[in-house]
Amino acid sequence: MLNNFIVALVEGILNTALKLDPTLGDRLSSIAQQRLLIDIRDWQQQFLVVFTGQQLHLYNTTETQYDCMISADINTLMALKNPAMLTQLIRQDKLDLQGDLNIAQGFSNAFAALNIDWPEHLSDYLGDAAAQQLWQLVKQTQQQGQKANKKLSTTLTTLCQDELKVTIHPLELEQFKQHTRQLKAHVAQLELRINQLLQAK
């Protein structure tokens, strides 16, 4: 079992988010007192999440009573940051859901719409101007990181496809598929012609 300290830390983070985004509580109000059991398969851990109306509670548990249960590996659960993925993951058999689907969607939608006004909260400690400048710097760094990541990804793809010839280019793959389809059609025609000649004898 995960250390109770870690569970308490995660619960603290969730409740801090609840304070920093006042609308989060409103979004969760429709599923207050509903028990969501999260089964993380690759960790072999279960967590029960309950919103009381004022606070979020997280328990490391072997509880068998719940209103909704989600079972998946950690990577699949992280994909639920996009609420639209929920039904898609169920269809792909990557996620099992038992109980009331609305509860899972309620939690997913509430946290997906999380909107914390960081400059406003930082201004209490740094002042308005410094908080705004710090936030702009963070956003610029994040954008530069995304650009660098995209550039690195493009460079690696080009290196693997064009220089090292480890992988094929998407156009080459499409050409290969087209040639395969043409070959299959020719073979089918040849097979039909051979059958006609055999029947003619």
# chains A, B, ... in the order shown; residues from 1 in each chain; ligands from 1

$ residues_around --residues "segment 4-7 of chain A" --least-positions-apart "2" --cutoff "7 Å" --atoms "only C-alpha atoms" --output "list in words"
Leu2, Leu9, Val10, Glu11, Leu58 and Asn60 of chain A

$ write_last_selection --atoms "all heavy atoms" --output "compact mmCIF listing (two decimals), in the first residue's frame"
# COMPACT_ATOMS: atom_id res chain seq x y z
N LEU A 2 0.36 2.28 -0.68
CA LEU A 2 1.10 3.53 -0.70
C LEU A 2 1.10 4.16 0.69
O LEU A 2 0.15 4.03 1.45
CB LEU A 2 0.46 4.51 -1.69
CG LEU A 2 0.71 4.26 -3.17
CD1 LEU A 2 -0.01 5.31 -3.98
CD2 LEU A 2 2.20 4.31 -3.48
N LEU A 9 -0.96 13.92 1.18
CA LEU A 9 -0.39 15.00 0.38
C LEU A 9 -1.25 15.26 -0.86
O LEU A 9 -1.57 16.41 -1.17
CB LEU A 9 1.04 14.63 -0.04
CG LEU A 9 1.80 15.67 -0.86
CD1 LEU A 9 2.05 16.92 -0.04
CD2 LEU A 9 3.11 15.08 -1.36
N VAL A 10 -1.67 14.19 -1.54
CA VAL A 10 -2.52 14.32 -2.74
C VAL A 10 -3.86 14.93 -2.35
O VAL A 10 -4.38 15.81 -3.04
CB VAL A 10 -2.71 12.96 -3.44
CG1 VAL A 10 -3.74 13.06 -4.57
CG2 VAL A 10 -1.39 12.43 -3.98
N GLU A 11 -4.41 14.48 -1.22
CA GLU A 11 -5.68 15.04 -0.74
C GLU A 11 -5.52 16.54 -0.46
O GLU A 11 -6.40 17.34 -0.79
CB GLU A 11 -6.12 14.31 0.53
CG GLU A 11 -7.47 14.79 1.06
CD GLU A 11 -7.86 14.08 2.35
OE1 GLU A 11 -8.52 13.02 2.25
OE2 GLU A 11 -7.50 14.56 3.44
N LEU A 58 -9.76 11.63 0.17
CA LEU A 58 -9.13 10.56 -0.59
C LEU A 58 -8.69 9.48 0.39
O LEU A 58 -8.00 9.77 1.37
CB LEU A 58 -7.92 11.12 -1.36
CG LEU A 58 -7.13 10.14 -2.22
CD1 LEU A 58 -7.96 9.67 -3.41
CD2 LEU A 58 -5.85 10.80 -2.72
N ASN A 60 -6.98 5.49 0.76
CA ASN A 60 -6.39 4.29 0.21
C ASN A 60 -7.15 3.14 0.85
O ASN A 60 -7.13 2.98 2.06
CB ASN A 60 -4.89 4.24 0.58
CG ASN A 60 -4.16 3.14 -0.15
OD1 ASN A 60 -4.76 2.17 -0.60
ND2 ASN A 60 -2.86 3.30 -0.27

$ residues_around --residues "Pro119 of chain A" --least-positions-apart "2" --cutoff "12 Å" --atoms "only C-alpha atoms" --output "JSON, numbers by chain"
{"A": [20, 115, 116, 117, 121, 122, 123, 124, 125, 126, 127, 128, 129, 130, 131, 132, 133, 134, 135, 136, 137, 138, 139]}

$ closest_residue --among "A:Met69, A:Leu28, A:Val50, A:Ile74" --to "Leu97 of chain A" --atoms "only C-alpha atoms"
A:Met69

$ residues_around --residues "Leu36 of chain A" --least-positions-apart "3" --cutoff "7 Å" --atoms "only C-alpha atoms" --output "list in words"
Leu48, Val49, Val50, Tyr66, Asp67, Cys68 and Met69 of chain A

$ select_by_dssp --residues "segment 15-179 of chain A" --states "alpha helix (DSSP H)" --output "PyMOL selection string"
chain A and resi 15-20+22-28+74-78+85-91+101-112+118-126+128-158+170-179

$ write_last_selection --atoms "C-alpha atoms" --output "compact mmCIF listing (two decimals), in the first residue's frame"
# COMPACT_ATOMS: atom_id res chain seq x y z
CA ASN A 15 -8.31 20.66 -1.52
CA THR A 16 -5.87 23.49 -2.31
CA ALA A 17 -7.15 23.40 -5.91
CA LEU A 18 -10.66 23.60 -4.46
CA LYS A 19 -9.72 26.81 -2.63
CA LEU A 20 -7.82 28.36 -5.54
CA PRO A 22 -13.95 28.68 -6.28
CA THR A 23 -15.99 27.34 -9.22
CA LEU A 24 -14.59 23.81 -8.75
CA GLY A 25 -16.85 23.22 -5.73
CA ASP A 26 -19.87 24.33 -7.74
CA ARG A 27 -19.00 21.91 -10.54
CA LEU A 28 -18.61 19.06 -8.04
CA ILE A 74 -2.20 4.86 -14.65
CA ASN A 75 -1.52 6.05 -18.24
CA THR A 76 -5.15 5.46 -19.21
CA LEU A 77 -6.37 7.30 -16.12
CA MET A 78 -4.13 10.27 -16.97
CA MET A 85 -11.85 10.24 -23.83
CA LEU A 86 -13.96 8.44 -21.21
CA THR A 87 -16.42 6.64 -23.51
CA GLN A 88 -13.71 6.09 -26.14
CA LEU A 89 -11.43 4.32 -23.62
CA ILE A 90 -14.34 2.15 -22.46
CA ARG A 91 -15.02 1.12 -26.08
CA LEU A 101 -21.23 6.94 -15.44
CA ASN A 102 -22.37 10.48 -14.49
CA ILE A 103 -20.18 10.40 -11.37
CA ALA A 104 -17.02 9.62 -13.35
CA GLN A 105 -17.93 12.27 -15.93
CA GLY A 106 -18.70 14.76 -13.15
CA PHE A 107 -15.23 14.41 -11.59
CA SER A 108 -13.52 14.39 -15.00
CA ASN A 109 -15.39 17.47 -16.27
CA ALA A 110 -14.86 19.38 -13.01
CA PHE A 111 -11.08 18.96 -13.00
CA ALA A 112 -10.74 19.40 -16.78
CA TRP A 118 -2.26 32.24 -10.53
CA PRO A 119 -1.30 35.93 -10.91
CA GLU A 120 -4.13 36.88 -8.54
CA HIS A 121 -3.01 34.37 -5.87
CA LEU A 122 0.69 35.16 -6.31
CA SER A 123 0.01 38.89 -5.93
CA ASP A 124 -0.78 38.31 -2.24
CA TYR A 125 2.89 37.35 -1.76
CA LEU A 126 4.73 39.28 -4.49
CA ASP A 128 0.56 42.76 -8.55
CA ALA A 129 3.36 43.77 -10.93
CA ALA A 130 5.86 41.12 -9.81
CA ALA A 131 3.18 38.38 -9.87
CA GLN A 132 2.15 39.35 -13.42
CA GLN A 133 5.76 39.40 -14.62
CA LEU A 134 6.50 36.04 -12.99
CA TRP A 135 3.40 34.50 -14.58
CA GLN A 136 4.33 35.87 -18.02
CA LEU A 137 7.82 34.42 -17.61
CA VAL A 138 6.36 31.02 -16.67
CA LYS A 139 4.05 31.10 -19.72
CA GLN A 140 6.92 32.10 -22.04
CA THR A 141 9.12 29.32 -20.64
CA GLN A 142 6.27 26.83 -21.14
CA GLN A 143 5.76 27.95 -24.76
CA GLN A 144 9.49 27.78 -25.47
CA GLY A 145 9.57 24.29 -23.96
CA GLN A 146 6.71 23.18 -26.20
CA LYS A 147 8.45 24.65 -29.28
CA ALA A 148 11.73 22.95 -28.34
CA ASN A 149 9.92 19.66 -27.78
CA LYS A 150 8.19 19.93 -31.17
CA LYS A 151 11.48 20.81 -32.89
CA LEU A 152 13.27 17.89 -31.20
CA SER A 153 10.47 15.52 -32.21
CA THR A 154 10.65 16.72 -35.84
CA THR A 155 14.46 16.43 -35.87
CA LEU A 156 14.38 12.88 -34.46
CA THR A 157 11.69 11.85 -36.94
CA THR A 158 13.71 13.27 -39.85
CA PRO A 170 4.52 8.33 -44.19
CA LEU A 171 4.53 8.94 -47.97
CA GLU A 172 6.60 5.79 -48.50
CA LEU A 173 4.17 3.86 -46.33
CA GLU A 174 1.23 5.16 -48.35
CA GLN A 175 2.99 4.23 -51.62
CA PHE A 176 3.71 0.75 -50.26
CA LYS A 177 0.03 0.31 -49.34
CA GLN A 178 -1.03 1.48 -52.79
CA HIS A 179 1.39 -0.93 -54.52

$ decode --residues "segment 82-95 of chain A" --atoms "all heavy atoms" --output "PDB file, in the first residue's frame"
ATOM      1  N   ASN A  82      -8.926  14.676 -20.419  1.00  0.00           N
ATOM      2  CA  ASN A  82      -9.845  15.051 -21.494  1.00  0.00           C
ATOM      3  C   ASN A  82     -11.121  14.233 -21.306  1.00  0.00           C
ATOM      4  O   ASN A  82     -11.134  13.041 -21.588  1.00  0.00           O
ATOM      5  CB  ASN A  82      -9.211  14.766 -22.860  1.00  0.00           C
ATOM      6  CG  ASN A  82     -10.137  15.102 -24.008  1.00  0.00           C
ATOM      7  OD1 ASN A  82     -11.276  15.524 -23.808  1.00  0.00           O
ATOM      8  ND2 ASN A  82      -9.665  14.901 -25.220  1.00  0.00           N
ATOM      9  N   PRO A  83     -12.220  14.842 -20.815  1.00  0.00           N
ATOM     10  CA  PRO A  83     -13.444  14.095 -20.517  1.00  0.00           C
ATOM     11  C   PRO A  83     -14.016  13.344 -21.715  1.00  0.00           C
ATOM     12  O   PRO A  83     -14.674  12.312 -21.548  1.00  0.00           O
ATOM     13  CB  PRO A  83     -14.429  15.178 -20.053  1.00  0.00           C
ATOM     14  CG  PRO A  83     -13.575  16.325 -19.635  1.00  0.00           C
ATOM     15  CD  PRO A  83     -12.356  16.266 -20.503  1.00  0.00           C
ATOM     16  N   ALA A  84     -13.750  13.837 -22.923  1.00  0.00           N
ATOM     17  CA  ALA A  84     -14.275  13.190 -24.125  1.00  0.00           C
ATOM     18  C   ALA A  84     -13.676  11.804 -24.326  1.00  0.00           C
ATOM     19  O   ALA A  84     -14.231  10.982 -25.057  1.00  0.00           O
ATOM     20  CB  ALA A  84     -13.993  14.065 -25.342  1.00  0.00           C
ATOM     21  N   MET A  85     -12.531  11.528 -23.669  1.00  0.00           N
ATOM     22  CA  MET A  85     -11.854  10.245 -23.834  1.00  0.00           C
ATOM     23  C   MET A  85     -12.529   9.118 -23.060  1.00  0.00           C
ATOM     24  O   MET A  85     -12.279   7.951 -23.336  1.00  0.00           O
ATOM     25  CB  MET A  85     -10.395  10.365 -23.363  1.00  0.00           C
ATOM     26  CG  MET A  85      -9.533  11.241 -24.232  1.00  0.00           C
ATOM     27  SD  MET A  85      -9.276  10.562 -25.868  1.00  0.00           S
ATOM     28  CE  MET A  85      -8.308   9.107 -25.489  1.00  0.00           C
ATOM     29  N   LEU A  86     -13.389   9.445 -22.108  1.00  0.00           N
ATOM     30  CA  LEU A  86     -13.965   8.444 -21.213  1.00  0.00           C
ATOM     31  C   LEU A  86     -14.670   7.322 -21.971  1.00  0.00           C
ATOM     32  O   LEU A  86     -14.321   6.141 -21.841  1.00  0.00           O
ATOM     33  CB  LEU A  86     -14.917   9.103 -20.215  1.00  0.00           C
ATOM     34  CG  LEU A  86     -15.510   8.190 -19.135  1.00  0.00           C
ATOM     35  CD1 LEU A  86     -14.423   7.577 -18.270  1.00  0.00           C
ATOM     36  CD2 LEU A  86     -16.474   8.962 -18.264  1.00  0.00           C
ATOM     37  N   THR A  87     -15.665   7.679 -22.785  1.00  0.00           N
ATOM     38  CA  THR A  87     -16.415   6.642 -23.510  1.00  0.00           C
ATOM     39  C   THR A  87     -15.541   5.950 -24.539  1.00  0.00           C
ATOM     40  O   THR A  87     -15.690   4.753 -24.782  1.00  0.00           O
ATOM     41  CB  THR A  87     -17.659   7.248 -24.197  1.00  0.00           C
ATOM     42  OG1 THR A  87     -17.265   8.404 -24.940  1.00  0.00           O
ATOM     43  CG2 THR A  87     -18.699   7.657 -23.177  1.00  0.00           C
ATOM     44  N   GLN A  88     -14.602   6.685 -25.140  1.00  0.00           N
ATOM     45  CA  GLN A  88     -13.706   6.089 -26.137  1.00  0.00           C
ATOM     46  C   GLN A  88     -12.823   5.014 -25.504  1.00  0.00           C
ATOM     47  O   GLN A  88     -12.634   3.936 -26.072  1.00  0.00           O
ATOM     48  CB  GLN A  88     -12.840   7.182 -26.769  1.00  0.00           C
ATOM     49  CG  GLN A  88     -11.962   6.688 -27.908  1.00  0.00           C
ATOM     50  CD  GLN A  88     -11.135   7.810 -28.517  1.00  0.00           C
ATOM     51  OE1 GLN A  88     -11.526   8.973 -28.475  1.00  0.00           O
ATOM     52  NE2 GLN A  88      -9.993   7.467 -29.072  1.00  0.00           N
ATOM     53  N   LEU A  89     -12.283   5.290 -24.315  1.00  0.00           N
ATOM     54  CA  LEU A  89     -11.431   4.320 -23.619  1.00  0.00           C
ATOM     55  C   LEU A  89     -12.223   3.089 -23.180  1.00  0.00           C
ATOM     56  O   LEU A  89     -11.694   1.977 -23.176  1.00  0.00           O
ATOM     57  CB  LEU A  89     -10.769   4.988 -22.412  1.00  0.00           C
ATOM     58  CG  LEU A  89      -9.717   6.048 -22.740  1.00  0.00           C
ATOM     59  CD1 LEU A  89      -9.333   6.839 -21.491  1.00  0.00           C
ATOM     60  CD2 LEU A  89      -8.481   5.408 -23.360  1.00  0.00           C
ATOM     61  N   ILE A  90     -13.484   3.289 -22.824  1.00  0.00           N
ATOM     62  CA  ILE A  90     -14.343   2.153 -22.459  1.00  0.00           C
ATOM     63  C   ILE A  90     -14.547   1.259 -23.676  1.00  0.00           C
ATOM     64  O   ILE A  90     -14.447   0.032 -23.588  1.00  0.00           O
ATOM     65  CB  ILE A  90     -15.697   2.645 -21.892  1.00  0.00           C
ATOM     66  CG1 ILE A  90     -15.488   3.341 -20.541  1.00  0.00           C
ATOM     67  CG2 ILE A  90     -16.674   1.480 -21.730  1.00  0.00           C
ATOM     68  CD1 ILE A  90     -16.709   4.058 -20.012  1.00  0.00           C
ATOM     69  N   ARG A  91     -14.821   1.890 -24.841  1.00  0.00           N
ATOM     70  CA  ARG A  91     -15.022   1.117 -26.080  1.00  0.00           C
ATOM     71  C   ARG A  91     -13.771   0.351 -26.478  1.00  0.00           C
ATOM     72  O   ARG A  91     -13.852  -0.732 -27.055  1.00  0.00           O
ATOM     73  CB  ARG A  91     -15.433   2.051 -27.230  1.00  0.00           C
ATOM     74  CG  ARG A  91     -16.850   2.553 -27.127  1.00  0.00           C
ATOM     75  CD  ARG A  91     -17.307   3.190 -28.428  1.00  0.00           C
ATOM     76  NE  ARG A  91     -18.457   4.046 -28.210  1.00  0.00           N
ATOM     77  CZ  ARG A  91     -18.429   5.363 -28.225  1.00  0.00           C
ATOM     78  NH1 ARG A  91     -17.301   6.003 -28.450  1.00  0.00           N
ATOM     79  NH2 ARG A  91     -19.522   6.065 -28.016  1.00  0.00           N
ATOM     80  N   GLN A  92     -12.602   0.912 -26.187  1.00  0.00           N
ATOM     81  CA  GLN A  92     -11.332   0.268 -26.543  1.00  0.00           C
ATOM     82  C   GLN A  92     -10.905  -0.780 -25.516  1.00  0.00           C
ATOM     83  O   GLN A  92      -9.823  -1.353 -25.637  1.00  0.00           O
ATOM     84  CB  GLN A  92     -10.235   1.336 -26.664  1.00  0.00           C
ATOM     85  CG  GLN A  92     -10.428   2.284 -27.829  1.00  0.00           C
ATOM     86  CD  GLN A  92      -9.418   3.432 -27.811  1.00  0.00           C
ATOM     87  OE1 GLN A  92      -8.658   3.612 -26.850  1.00  0.00           O
ATOM     88  NE2 GLN A  92      -9.407   4.217 -28.871  1.00  0.00           N
ATOM     89  N   ASP A  93     -11.748  -1.018 -24.499  1.00  0.00           N
ATOM     90  CA  ASP A  93     -11.459  -1.988 -23.424  1.00  0.00           C
ATOM     91  C   ASP A  93     -10.190  -1.642 -22.635  1.00  0.00           C
ATOM     92  O   ASP A  93      -9.565  -2.519 -22.047  1.00  0.00           O
ATOM     93  CB  ASP A  93     -11.349  -3.418 -23.975  1.00  0.00           C
ATOM     94  CG  ASP A  93     -12.690  -3.950 -24.435  1.00  0.00           C
ATOM     95  OD1 ASP A  93     -13.709  -3.576 -23.838  1.00  0.00           O
ATOM     96  OD2 ASP A  93     -12.726  -4.740 -25.400  1.00  0.00           O
ATOM     97  N   LYS A  94      -9.826  -0.368 -22.610  1.00  0.00           N
ATOM     98  CA  LYS A  94      -8.686   0.065 -21.806  1.00  0.00           C
ATOM     99  C   LYS A  94      -9.130   0.483 -20.415  1.00  0.00           C
ATOM    100  O   LYS A  94      -8.302   0.653 -19.525  1.00  0.00           O
ATOM    101  CB  LYS A  94      -7.975   1.246 -22.491  1.00  0.00           C
ATOM    102  CG  LYS A  94      -7.272   0.865 -23.781  1.00  0.00           C
ATOM    103  CD  LYS A  94      -6.538   2.061 -24.367  1.00  0.00           C
ATOM    104  CE  LYS A  94      -5.802   1.682 -25.643  1.00  0.00           C
ATOM    105  NZ  LYS A  94      -5.121   2.840 -26.249  1.00  0.00           N
ATOM    106  N   LEU A  95     -10.439   0.670 -20.254  1.00  0.00           N
ATOM    107  CA  LEU A  95     -10.979   1.161 -18.994  1.00  0.00           C
ATOM    108  C   LEU A  95     -12.292   0.438 -18.692  1.00  0.00           C
ATOM    109  O   LEU A  95     -13.130   0.285 -19.575  1.00  0.00           O
ATOM    110  CB  LEU A  95     -11.214   2.669 -19.109  1.00  0.00           C
ATOM    111  CG  LEU A  95     -11.719   3.413 -17.878  1.00  0.00           C
ATOM    112  CD1 LEU A  95     -11.056   4.783 -17.805  1.00  0.00           C
ATOM    113  CD2 LEU A  95     -13.218   3.598 -17.927  1.00  0.00           C
TER     114      LEU A  95
END
